[in-house]
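Here is the structure we will look at.
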Amino acid sequence: MKKVKVFIPATVSNVACGFDILGFPIMSFGDEMAVRKTDKKGLKITKVKGYDVPLDITKNVATVSAMKLLDDIKTDYGFEFEITKNIIPGSGIGSSGASAAGSVYAINKLLGDPFSNKELIKYAMGGEVISSVSEHADNVAPALLGGLVMVKSINPQQIINLPLLPDLFCFIINPKIQVKTSYSRQILPSKIDMNLVTSQVSNFGGLIHSLHTKDYDLLKSSLKDSIVEQHRKKLIPKFDEVKEKCIELGALGCSISGSGPSIFAITKGEDLAKKIEEEVTKIYQETNIEFSTYISKISSEGVSVIDSE
């Protein structure tokens, strides 16, 4: 192949009680990226559509991730990138993670798949540092692997695909305000009450067990964040009202996606997700904030090829 075009799904990370540990892709929304081999060595971004991202290859997550990969496998040719950014940077649904995952996946295809998707995670994480300051895999891992992913460790790398319960859908509302991942991390406390840690660990364990035993009631009682949400929700207008409405309507859980400002709710079945979308839309229509909503089955697939030549 000389050129490949890929679709990279948006991702929900943290998933309430799994800060920097859990994430999953959604099926209905994401970025696209076309990567082409060039005779001249080096990397170049030739076009960006949608939301603005840097053209400077040392400042763009996609090309920094690609450089990390190419440090380990030398070529006598280069690559050009055309990036279609549908995921708003700073939206909390994996915009930088999509760029990082998409670039290494596409280049790997053009190289003949020398790396597995799991092996690509470390290169994608290296690019994510530009936007989030620290390495974390809870967006890039689900974007590359698909499904509900647990990041047990990044050094050494231990990434685990967890079981998905049938009929799990996700509703997302993305207020069009930007919350920088770096700032969202800065506002978190450096010390945490032990009771909160105990609660969080209990919820995380319950969530994992619920997936293996297909226990929806246990899942519902476990999708709760005791540590991060209380601090980050202050950056998100109407968060408490949205969460209260989602739970009232029967959502299994509702919390902040990634660093925010996107809010997600997990439901059993698509009909409830649509009902939640209808009611949450009414709440946000009372504000002067632009927003988008998405409904998707939690996807078992990550980044994929949509065209090649």
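Each chain in the structure tokens gets a letter, A, B and so on, in the order shown; residues start at 1 in every chain, and ligands are counted from 1 in the order they appear.
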
Using only C-alpha atoms, find each residue in range 39-118 of chain A having at least one atom no more than 12 Å away from range 283-303 of chain A; report its shortest atom-to-atom pair and that distance in Å (one decimal), rows by chain then rising number, as JSON lines.
{"residue": "A:Asn86", "atom": "CA", "partner": "A:Ser292", "partner_atom": "CA", "distance": 11.6}
{"residue": "A:Ile87", "atom": "CA", "partner": "A:Ser292", "partner_atom": "CA", "distance": 10.8}
{"residue": "A:Ile88", "atom": "CA", "partner": "A:Ser292", "partner_atom": "CA", "distance": 10.6}
{"residue": "A:Ser91", "atom": "CA", "partner": "A:Phe291", "partner_atom": "CA", "distance": 10.7}
{"residue": "A:Ile93", "atom": "CA", "partner": "A:Tyr294", "partner_atom": "CA", "distance": 11.2}
{"residue": "A:Gly97", "atom": "CA", "partner": "A:Val303", "partner_atom": "CA", "distance": 11.1}
{"residue": "A:Ala98", "atom": "CA", "partner": "A:Val303", "partner_atom": "CA", "distance": 8.5}
{"residue": "A:Ser99", "atom": "CA", "partner": "A:Val303", "partner_atom": "CA", "distance": 10.6}
{"residue": "A:Ala100", "atom": "CA", "partner": "A:Val303", "partner_atom": "CA", "distance": 11.0}
{"residue": "A:Ala101", "atom": "CA", "partner": "A:Val303", "partner_atom": "CA", "distance": 7.6}
{"residue": "A:Gly102", "atom": "CA", "partner": "A:Val303", "partner_atom": "CA", "distance": 6.7}
{"residue": "A:Ser103", "atom": "CA", "partner": "A:Val303", "partner_atom": "CA", "distance": 10.2}
{"residue": "A:Val104", "atom": "CA", "partner": "A:Val303", "partner_atom": "CA", "distance": 10.5}
{"residue": "A:Tyr105", "atom": "CA", "partner": "A:Val303", "partner_atom": "CA", "distance": 7.6}
{"residue": "A:Ala106", "atom": "CA", "partner": "A:Val303", "partner_atom": "CA", "distance": 9.2}
{"residue": "A:Lys109", "atom": "CA", "partner": "A:Val303", "partner_atom": "CA", "distance": 11.7}
{"residue": "A:Asn117", "atom": "CA", "partner": "A:Val303", "partner_atom": "CA", "distance": 9.6}
{"residue": "A:Lys118", "atom": "CA", "partner": "A:Gly302", "partner_atom": "CA", "distance": 11.7}

Keeping C-alpha atoms, export the residues of the selection given above as a PDB file, in the first residue's frame.
ATOM      1  CA  ASN A  86     -14.298  15.783  14.026  1.00  0.00           C
ATOM      2  CA  ILE A  87     -13.544  15.379  17.740  1.00  0.00           C
ATOM      3  CA  ILE A  88     -13.097  18.776  19.360  1.00  0.00           C
ATOM      4  CA  SER A  91     -13.724  17.732  24.658  1.00  0.00           C
ATOM      5  CA  ILE A  93     -13.766  12.146  24.351  1.00  0.00           C
ATOM      6  CA  GLY A  97      -5.901  10.002  21.650  1.00  0.00           C
ATOM      7  CA  ALA A  98      -7.577   9.589  18.256  1.00  0.00           C
ATOM      8  CA  SER A  99      -4.768  11.497  16.532  1.00  0.00           C
ATOM      9  CA  ALA A 100      -2.121   9.457  18.327  1.00  0.00           C
ATOM     10  CA  ALA A 101      -3.768   6.084  17.692  1.00  0.00           C
ATOM     11  CA  GLY A 102      -4.687   6.855  14.085  1.00  0.00           C
ATOM     12  CA  SER A 103      -1.209   7.880  12.989  1.00  0.00           C
ATOM     13  CA  VAL A 104       0.647   4.871  14.388  1.00  0.00           C
ATOM     14  CA  TYR A 105      -2.036   2.471  13.157  1.00  0.00           C
ATOM     15  CA  ALA A 106      -1.924   3.905   9.625  1.00  0.00           C
ATOM     16  CA  LYS A 109      -0.346  -0.683   7.913  1.00  0.00           C
ATOM     17  CA  ASN A 117      -2.076  -3.081  17.952  1.00  0.00           C
ATOM     18  CA  LYS A 118      -1.039  -3.651  21.560  1.00  0.00           C
TER      19      LYS A 118
END

request  = Considering only C-alpha atoms, return as a PyMOL selection string whatever protein or nucleic-acid residues lie within 7 Å of Val140 in chain A, sequence-local ones (same chain, fewer than 2 positions apart) excluded.
outcome  = chain A and resi 97-98+101+121+124-125+137-138+142-144

Produce a file of the selected residues containing C-alpha atoms, as a PDB file, in the first residue's frame.
ATOM      1  CA  GLY A  97      -5.901  10.002  21.650  1.00  0.00           C
ATOM      2  CA  ALA A  98      -7.577   9.589  18.256  1.00  0.00           C
ATOM      3  CA  ALA A 101      -3.768   6.084  17.692  1.00  0.00           C
ATOM      4  CA  ILE A 121       0.007   1.689  22.355  1.00  0.00           C
ATOM      5  CA  ALA A 124       0.607   6.521  20.801  1.00  0.00           C
ATOM      6  CA  MET A 125       1.096   7.282  24.498  1.00  0.00           C
ATOM      7  CA  ALA A 137      -3.379   4.887  27.820  1.00  0.00           C
ATOM      8  CA  ASP A 138      -7.079   4.988  28.717  1.00  0.00           C
ATOM      9  CA  PRO A 142      -9.449   1.411  23.544  1.00  0.00           C
ATOM     10  CA  ALA A 143      -9.020   3.390  20.299  1.00  0.00           C
ATOM     11  CA  LEU A 144      -6.505   0.796  19.080  1.00  0.00           C
TER      12      LEU A 144
END

remark   = Min atom-atom distance to Glu270 in chain A from the set A:Lys234, A:Gly206, A:Cys170, A:Glu229, counting only C-alpha atoms, belongs to A:Cys170

message = I'd like to know which residues of range 72-105 of chain A are strand (DSSP E or B) (by DSSP, run on the backbone); could you write them as a list of chain:residue names?
response =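 Selection result, strand (DSSP E or B) within range 72-105 of chain A: A:Gly78, A:Phe79, A:Glu80, A:Phe81, A:Glu82, A:Ile83, A:Thr84, A:Lys85.
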
Quick one: write out the picked residues with all heavy atoms as an mmCIF file, in the first residue's frame?
data_model
loop_
_atom_site.group_PDB
_atom_site.id
_atom_site.type_symbol
_atom_site.label_atom_id
_atom_site.label_comp_id
_atom_site.auth_asym_id
_atom_site.auth_seq_id
_atom_site.Cartn_x
_atom_site.Cartn_y
_atom_site.Cartn_z
ATOM 1 N N GLY A 78 9.260 8.767 3.490
ATOM 2 C CA GLY A 78 8.556 9.544 4.504
ATOM 3 C C GLY A 78 7.047 9.355 4.425
ATOM 4 O O GLY A 78 6.557 8.475 3.698
ATOM 5 N N PHE A 79 6.323 10.213 5.163
ATOM 6 C CA PHE A 79 4.864 10.084 5.222
ATOM 7 C C PHE A 79 4.213 11.467 5.264
ATOM 8 O O PHE A 79 4.702 12.371 5.939
ATOM 9 C CB PHE A 79 4.444 9.306 6.475
ATOM 10 C CG PHE A 79 4.997 7.918 6.534
ATOM 11 C CD1 PHE A 79 6.210 7.666 7.172
ATOM 12 C CD2 PHE A 79 4.326 6.863 5.949
ATOM 13 C CE1 PHE A 79 6.739 6.390 7.228
ATOM 14 C CE2 PHE A 79 4.847 5.573 6.000
ATOM 15 C CZ PHE A 79 6.056 5.335 6.642
ATOM 16 N N GLU A 80 3.111 11.601 4.539
ATOM 17 C CA GLU A 80 2.284 12.809 4.571
ATOM 18 C C GLU A 80 0.947 12.489 5.219
ATOM 19 O O GLU A 80 0.391 11.400 5.004
ATOM 20 C CB GLU A 80 2.048 13.344 3.157
ATOM 21 C CG GLU A 80 3.270 13.968 2.516
ATOM 22 C CD GLU A 80 2.979 14.541 1.141
ATOM 23 O OE1 GLU A 80 1.901 14.244 0.576
ATOM 24 O OE2 GLU A 80 3.834 15.292 0.630
ATOM 25 N N PHE A 81 0.428 13.466 5.960
ATOM 26 C CA PHE A 81 -0.808 13.269 6.716
ATOM 27 C C PHE A 81 -1.882 14.267 6.295
ATOM 28 O O PHE A 81 -1.607 15.469 6.169
ATOM 29 C CB PHE A 81 -0.551 13.478 8.219
ATOM 30 C CG PHE A 81 0.391 12.493 8.831
ATOM 31 C CD1 PHE A 81 1.762 12.601 8.639
ATOM 32 C CD2 PHE A 81 -0.075 11.439 9.603
ATOM 33 C CE1 PHE A 81 2.639 11.700 9.202
ATOM 34 C CE2 PHE A 81 0.798 10.531 10.172
ATOM 35 C CZ PHE A 81 2.160 10.656 9.972
ATOM 36 N N GLU A 82 -3.082 13.757 6.081
ATOM 37 C CA GLU A 82 -4.280 14.598 5.970
ATOM 38 C C GLU A 82 -5.196 14.214 7.128
ATOM 39 O O GLU A 82 -5.581 13.051 7.252
ATOM 40 C CB GLU A 82 -4.993 14.384 4.641
ATOM 41 C CG GLU A 82 -4.209 14.828 3.430
ATOM 42 C CD GLU A 82 -4.987 14.621 2.134
ATOM 43 O OE1 GLU A 82 -6.205 14.308 2.208
ATOM 44 O OE2 GLU A 82 -4.379 14.740 1.062
ATOM 45 N N ILE A 83 -5.518 15.183 7.964
ATOM 46 C CA ILE A 83 -6.239 14.897 9.201
ATOM 47 C C ILE A 83 -7.610 15.580 9.182
ATOM 48 O O ILE A 83 -7.694 16.788 8.948
ATOM 49 C CB ILE A 83 -5.443 15.383 10.425
ATOM 50 C CG1 ILE A 83 -4.059 14.722 10.461
ATOM 51 C CG2 ILE A 83 -6.201 15.098 11.720
ATOM 52 C CD1 ILE A 83 -3.109 15.327 11.482
ATOM 53 N N THR A 84 -8.644 14.813 9.397
ATOM 54 C CA THR A 84 -9.993 15.362 9.554
ATOM 55 C C THR A 84 -10.383 15.243 11.018
ATOM 56 O O THR A 84 -10.640 14.143 11.517
ATOM 57 C CB THR A 84 -11.013 14.607 8.676
ATOM 58 O OG1 THR A 84 -10.604 14.692 7.316
ATOM 59 C CG2 THR A 84 -12.402 15.221 8.829
ATOM 60 N N LYS A 85 -10.376 16.400 11.709
ATOM 61 C CA LYS A 85 -10.665 16.422 13.144
ATOM 62 C C LYS A 85 -12.147 16.701 13.369
ATOM 63 O O LYS A 85 -12.609 17.825 13.288
ATOM 64 C CB LYS A 85 -9.840 17.506 13.843
ATOM 65 C CG LYS A 85 -8.371 17.214 14.009
ATOM 66 C CD LYS A 85 -8.091 15.942 14.778
ATOM 67 C CE LYS A 85 -8.596 16.008 16.204
ATOM 68 N NZ LYS A 85 -8.295 14.720 16.918
#

Residue contacts of His212 in chain A (12 Å, only C-alpha atoms) excluding same-chain residues fewer than 6 positions away, as JSON, numbers by chain = {"A": [161, 162, 163, 164, 165, 166, 205, 206, 218, 219]}

ask   = Using only C-alpha atoms, which residues sit within 8 Å of range 12-22 of chain A once same-chain residues fewer than 3 positions away are excluded, as a ChimeraX atom specification?
value = /A:25-26,92-94,136-139,148-152,200-201,203-204,222-226,228-229,253-258,264

Keeping C-alpha atoms for every residue in the selection just given, could you write it to a file as a PDB file, in the first residue's frame?
ATOM      1  CA  PRO A  25     -14.646   3.509  22.044  1.00  0.00           C
ATOM      2  CA  ILE A  26     -17.994   4.602  20.664  1.00  0.00           C
ATOM      3  CA  GLY A  92     -12.963  14.803  26.952  1.00  0.00           C
ATOM      4  CA  ILE A  93     -13.766  12.146  24.351  1.00  0.00           C
ATOM      5  CA  GLY A  94     -10.280  11.344  23.166  1.00  0.00           C
ATOM      6  CA  HIS A 136      -1.756   7.564  29.964  1.00  0.00           C
ATOM      7  CA  ALA A 137      -3.379   4.887  27.820  1.00  0.00           C
ATOM      8  CA  ASP A 138      -7.079   4.988  28.717  1.00  0.00           C
ATOM      9  CA  ASN A 139      -7.907   6.694  25.386  1.00  0.00           C
ATOM     10  CA  LEU A 148     -13.814  -2.011  27.290  1.00  0.00           C
ATOM     11  CA  VAL A 149     -10.135  -1.831  28.161  1.00  0.00           C
ATOM     12  CA  MET A 150      -8.361  -1.877  31.518  1.00  0.00           C
ATOM     13  CA  VAL A 151      -4.894  -0.366  31.743  1.00  0.00           C
ATOM     14  CA  LYS A 152      -3.338  -2.341  34.592  1.00  0.00           C
ATOM     15  CA  GLN A 200     -13.309   3.938  44.775  1.00  0.00           C
ATOM     16  CA  VAL A 201     -11.496   0.614  45.011  1.00  0.00           C
ATOM     17  CA  ASN A 203     -16.597   0.356  43.111  1.00  0.00           C
ATOM     18  CA  PHE A 204     -13.821  -0.598  40.697  1.00  0.00           C
ATOM     19  CA  SER A 222     -20.400   0.354  40.905  1.00  0.00           C
ATOM     20  CA  LEU A 223     -20.391   3.069  38.209  1.00  0.00           C
ATOM     21  CA  LYS A 224     -19.621   5.789  40.749  1.00  0.00           C
ATOM     22  CA  ASP A 225     -16.605   8.066  41.106  1.00  0.00           C
ATOM     23  CA  SER A 226     -15.646   8.973  44.666  1.00  0.00           C
ATOM     24  CA  VAL A 228     -12.265  12.894  40.638  1.00  0.00           C
ATOM     25  CA  GLU A 229     -15.800  13.891  39.686  1.00  0.00           C
ATOM     26  CA  GLY A 253     -24.280   5.247  35.551  1.00  0.00           C
ATOM     27  CA  CYS A 254     -23.380   8.806  34.605  1.00  0.00           C
ATOM     28  CA  SER A 255     -20.113  10.689  34.997  1.00  0.00           C
ATOM     29  CA  ILE A 256     -17.508  12.844  33.271  1.00  0.00           C
ATOM     30  CA  SER A 257     -15.810  11.469  30.185  1.00  0.00           C
ATOM     31  CA  GLY A 258     -12.068  11.874  30.544  1.00  0.00           C
ATOM     32  CA  PHE A 264     -21.576  10.184  29.467  1.00  0.00           C
TER      33      PHE A 264
END

message = Calculated over only C-alpha atoms, which of the candidates A:Gly42, A:Gly90, A:Gly112, A:Gly126 has the smallest distance to Ala62 in chain A?
response = A:Gly126

inquiry  = Give me, as a ChimeraX atom specification, all polymer residues having an atom no more than 7 Å from Ser308 in chain A, counting only C-alpha atoms and skipping those fewer than 2 positions away in the same chain.
reply    = /A:1,3-5

Residue contacts of Phe115 in chain A (12 Å, only C-alpha atoms) excluding same-chain residues fewer than 4 positions away, as a list of chain:residue names = A:Leu69, A:Leu70, A:Asp72, A:Ile73, A:Val104, A:Tyr105, A:Ala106, A:Ile107, A:Asn108, A:Lys109, A:Leu110, A:Leu111, A:Glu119, A:Leu120, A:Ile121, A:Lys122, A:Tyr123

Considering only C-alpha atoms, return as a tab-separated table (two decimals) with N, CA and C atoms, in the first residue's frame whatever protein or nucleic-acid residues lie within 9 Å of Leu249 in chain A, sequence-local ones (same chain, fewer than 3 positions apart) excluded.
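To be explicit, this is the file written out as result02.tsv:
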chain	number	residue	atom	x	y	z
A	244	GLU	N	-28.35	13.88	37.59
A	244	GLU	CA	-29.57	13.54	38.32
A	244	GLU	C	-30.66	13.04	37.36
A	245	LYS	N	-30.80	13.70	36.21
A	245	LYS	CA	-31.82	13.30	35.24
A	245	LYS	C	-31.50	11.93	34.65
A	246	CYS	N	-30.24	11.67	34.33
A	246	CYS	CA	-29.84	10.38	33.76
A	246	CYS	C	-30.15	9.24	34.72
A	272	LEU	N	-33.53	3.59	26.02
A	272	LEU	CA	-33.30	4.43	27.20
A	272	LEU	C	-32.27	5.52	26.87
A	275	LYS	N	-34.09	8.25	25.18
A	275	LYS	CA	-34.92	9.01	26.12
A	275	LYS	C	-34.05	9.98	26.92
A	276	ILE	N	-32.89	9.51	27.35
A	276	ILE	CA	-31.96	10.38	28.08
A	276	ILE	C	-31.49	11.52	27.21

request  = Give me, please, the distance in Å between CA of Asp39 in chain A and CA of Asp307 in chain A, quoted to one decimal.
outcome  =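 Between CA of Asp39 in chain A and CA of Asp307 in chain A the gap works out to 21.0 Å.
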
inquiry  = Could you check the closest approach to Lys282 in chain A for each of A:Lys268, A:Ser65, A:Val129, A:Ile173 and tell me which residue wins, using only C-alpha atoms?
reply    =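 Result for the nearest residue to Lys282 in chain A: A:Ile173.
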
query = Do you have the CA of Ile236 in chain A-CA of Lys180 in chain A distance handy?
reply =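 Going from CA of Ile236 in chain A over to CA of Lys180 in chain A, I get 12.3 Å.
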
request  = Write down as a PyMOL selection string the residues belonging to range 124-181 of chain A that are assigned alpha helix (DSSP H) by DSSP computed on the backbone.
outcome  = chain A and resi 124-132+140-145+181

task = Find the residue from A:Glu135, A:Glu279, A:Asp240, A:Asp167 that sits nearest to Ser182 in chain A; use only C-alpha atoms when measuring.
result =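 Of all the options, A:Glu135 lies closest to Ser182 in chain A.
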
message = For a quick check of understanding, using only C-alpha atoms, which of A:Val48, A:Ile187, A:Asp31, A:Asp271 has the smallest distance to Gln230 in chain A?
response = A:Ile187

task = Please indicate the distance in Å from CA of Glu32 in chain A to CA of Phe7 in chain A, rounded to one decimal place.
result =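 Interatomic distance here is 4.6 Å.
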
key: Counting only C-alpha atoms, the residue of A:Arg232, A:Lys40, A:Phe29, A:Thr281 that sits nearest Gln186 in chain A   =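 Of all the options, A:Arg232 lies closest to Gln186 in chain A.
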